[in-house]
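S.K.: Just dropping this structure here.
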Number of protein chains: 2
Amino acid sequence: MNTSDVGFQCPFPFSQYPIITMAHGAGGRLTQQLLEGIFRPAFNNPILQQQHDGAMLKLPSERIAVSTDSYVVDPLFFPGGNIGKLAVIGTLNDLAMCGAKPLYITCGFILTEGLSSEVLVKVVAHMRQAAIENNIAIVSGDIKVVERTASAGLYINTTGIGALPPEYVIAPDKIQSGDAIIISGDIGRHGLAVLSQRNNYQFEPPIESDCAPLWGQVSQLFNEQLTPHCLRDLTRGGLAGALIELADSARLTFEIQEDKIPISQAVHAGCEILGIDPLYVANEGRMIVFCPADVASQTIACLRKFSDGAMAECIGHVLPKVNHSPGKVVLKTSFKTSRTLTLFSGEQLPRIC
Amino acid sequence: MNTSDVGFQCPFPFSQYPIITMAHGAGGRLTQQLLEGIFRPAFNNPILQQQHDGAMLKLPSERIAVSTDSYVVDPLFFPGGNIGKLAVIGTLNDLAMCGAKPLYITCGFILTEGLSSEVLVKVVAHMRQAAIENNIAIVSGDIKVVERTASAGLYINTTGIGALPPEYVIAPDKIQSGDAIIISGDIGRHGLAVLSQRNNYQFEPPIESDCAPLWGQVSQLFNEQLTPHCLRDLTRGGLAGALIELADSARLTFEIQEDKIPISQAVHAGCEILGIDPLYVANEGRMIVFCPADVASQTIACLRKFSDGAMAECIGHVLPKVNHSPGKVVLKTSFKTSRTLTLFSGEQLPRIC
């Protein structure tokens, strides 16, 4: 394998082991070879070099956020992203949604026997790249191998640690009546990109995943003293899922204007053809921001400074509190009707992240 | 299901959903049902109740240890343990091996469709029990569902966070020439227990896994001012794997007396019959301790105060440093011969942890 295109010197003997076997996960010489041939050169940093049972770290703060997620997206590569990039950025975004500056992640790989070694290296190279670009270190890892499934593949768990600011708390229970609800960009791209790759649909123009880090936008809000009440990224379950969960946690009613929600022509058309609702389609680089109404326009202006935030828009607001009422999300449609959003039983698309 | 025997009120509708389906992992209503019906009641604590994208924590110390591991043991239940207990204790033990007091863990579940809901609840109940017994909180979690494999099952990733003491560092590079090498108990039980369950071997007497937490013994060493130079638990790869890795990291030679290594009659006989080497069999509640020779007997006495440490024994020592020599492990056999231990290519037993 030409290792120059993966961005690091990769001494793994590809010709000898073109595919991963059960023995690569068994803790012997072949496991060592995977570690020394792929993972250590890719993720190299002083903490990993300790070669200890765990990573020993000094944090800049005693208040931290911790988040864990497993990534099982199928297929492994899709327009605009891949499982490696997603596994780093998805978990960093969960930290950013707590207002935490991402510092470290751990990664646990579960490989299925029969996985191509070259595919594994490409995934690892994308994780390395995402770690470098987001200025975080991968500090602890683990590899297991399990029996082959229908298609050989891999699953990645990442757990992130971020430093919380000492002065404020961003959380669902900080959402207040009257808050503006701002979305940071157009929705539906990640889900449709994965679906198009999985089923070989050719959208024209092609739809790329929105997979991107959100900490840049969040930290800029902090820098401009526009600390939001709550943040939530729009992953599995989409915009609708995120709104319903938060309305339920906060026991408040959110009113959303359908015609304010940014959706590209391509996603709109793709969803029409496939008969799926873009409000429920997964995203990997979009968030909603709850902030006081009087700073909504400044908040939107701040987000729009970023290319990923160029389509930021206020899509609704939080209604006055009604005692003993459970939370709900009311969608005002473009036909001037209203409907209450509810969670689907399952999802339109399995294994989307 | 009679939920009294799992130790928590479990409102999951077992009769409606006797098995897990792809839709349970899709982020919709069925995912909510899993969370509210099983995971939140089992792992309930104030941090999980934040219902945020990540857990927000205050640590007692800025120096922490972090460790991640995925658990894929097959079968899920075996004499002396199960995947749930193992997933908590295994990761806590990795923290303890850094000298860190375990505080928090996260858990990422990957379920395969077709898994019995009752089996899932039993696994979760054992995790809950292990968390309570070890005084740690499960602070962040995630559930994904993937297609069925040969046998329906589940994989669990846990990531642990522990507080490091400010005053000392326990690490492979602290191992010194002359150090005593002490083992905390008899070896080979976990591997043989899993193997017997998987293949329906009937050992007489039955062999139970040694799966047990190590922090109690480690913290007692600290309390008695017997701070070791290095600690390592003997998991995948067994005693031999741990020694070889550490000798390699430290670039020192370890000399081990075979007849000092505690092995039960049952494990000895089982290994003879099956033709496997107990030195390479996985353990889940045993460690080796490197300490100055002059405190070896006190260290052994300290470990023996614990039932899991009752068979603690000095099994060898670290030879004087030879310049430019790579590390190695020399075994002095009961026949007065010597052999150098090397890593197996794979392992004798796949999916052991």
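Chain identifiers are assigned as A, B, and so on, following the order in which chains appear in the structure tokens; residues are numbered from 1 within each chain, and ligands are numbered from 1 in order of appearance.
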Can you work out which residues from chain A touch chain B at a cut-off of 6 Å (counting only C-alpha atoms) and hand them back as an NGL selection string?
M.R.: :A and (23 or 26-30 or 53-59 or 62-70 or 94 or 108 or 140-142 or 149 or 236-237 or 343-347 or 350)
S.K.: Using only C-alpha atoms, which residues sit within 6 Å of segment 193-197 of chain B once same-chain residues fewer than 2 positions away are excluded, as a PyMOL selection string?
M.R.: chain B and resi 78-79+189-191+199-201+207-209
S.K.: Pick from B:Ile175, B:Ile182, B:Met287, B:Leu243: nearest to Pro320 of chain B, with only C-alpha atoms counted?
M.R.: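 Ranking B:Ile175, B:Ile182, B:Met287, B:Leu243 by distance to Pro320 of chain B, first place goes to B:Ile175.
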S.K.: May I have all residues of segment 196-325 of chain B that DSSP, computed from the backbone, assigns to strand (DSSP E), given as a PyMOL selection string?
M.R.: chain B and resi 230-233+253-257+287-291+313-318
S.K.: Excluding Asp259 of chain B and residues on its chain fewer than 3 positions from it, collect all residues at most 8 Å away from it, counting only C-alpha atoms, and give them as a PyMOL selection string.
M.R.: chain B and resi 262+333-334
S.K.: Can you tell me how far atom CA of Ala212 of chain A sits from atom CA of Glu284 of chain A, in Å to one decimal?
M.R.: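 Those two atoms sit 6.5 Å apart.
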S.K.: Between atom CA of Glu167 of chain B and atom CA of Gln225 of chain B, what is the distance in Å, rounded to a tenth?
M.R.: 11.9 Å
S.K.: Using backbone DSSP assignments, extract all alpha helix (DSSP H) residues from segment 14-196 of chain B; output them as JSON, numbers by chain.
M.R.: {"B": [29, 30, 31, 32, 33, 34, 40, 41, 42, 43, 83, 84, 85, 86, 87, 88, 89, 90, 91, 92, 93, 94, 95, 96, 97, 117, 118, 119, 120, 121, 122, 123, 124, 125, 126, 127, 128, 129, 130, 131, 132, 133, 189, 190, 191, 192, 193, 194, 195, 196]}
S.K.: For atom CA of Ser264 of chain A and atom CA of Glu204 of chain A, quote the distance in Å rounded to one decimal.
M.R.: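 Atom CA of Ser264 of chain A sits 12.2 Å away from atom CA of Glu204 of chain A.
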S.K.: Which is closer to Cys291 of chain A than all the others in A:Thr253, A:Gln265, A:Asn223, A:Ser177, using only C-alpha atoms?
M.R.: A:Ser177
S.K.: Just checking: using only C-alpha atoms, which residue out of B:Ile273, B:Ile38, B:Leu92, B:Ile315 ends up closest to Val218 of chain B?
M.R.: B:Leu92
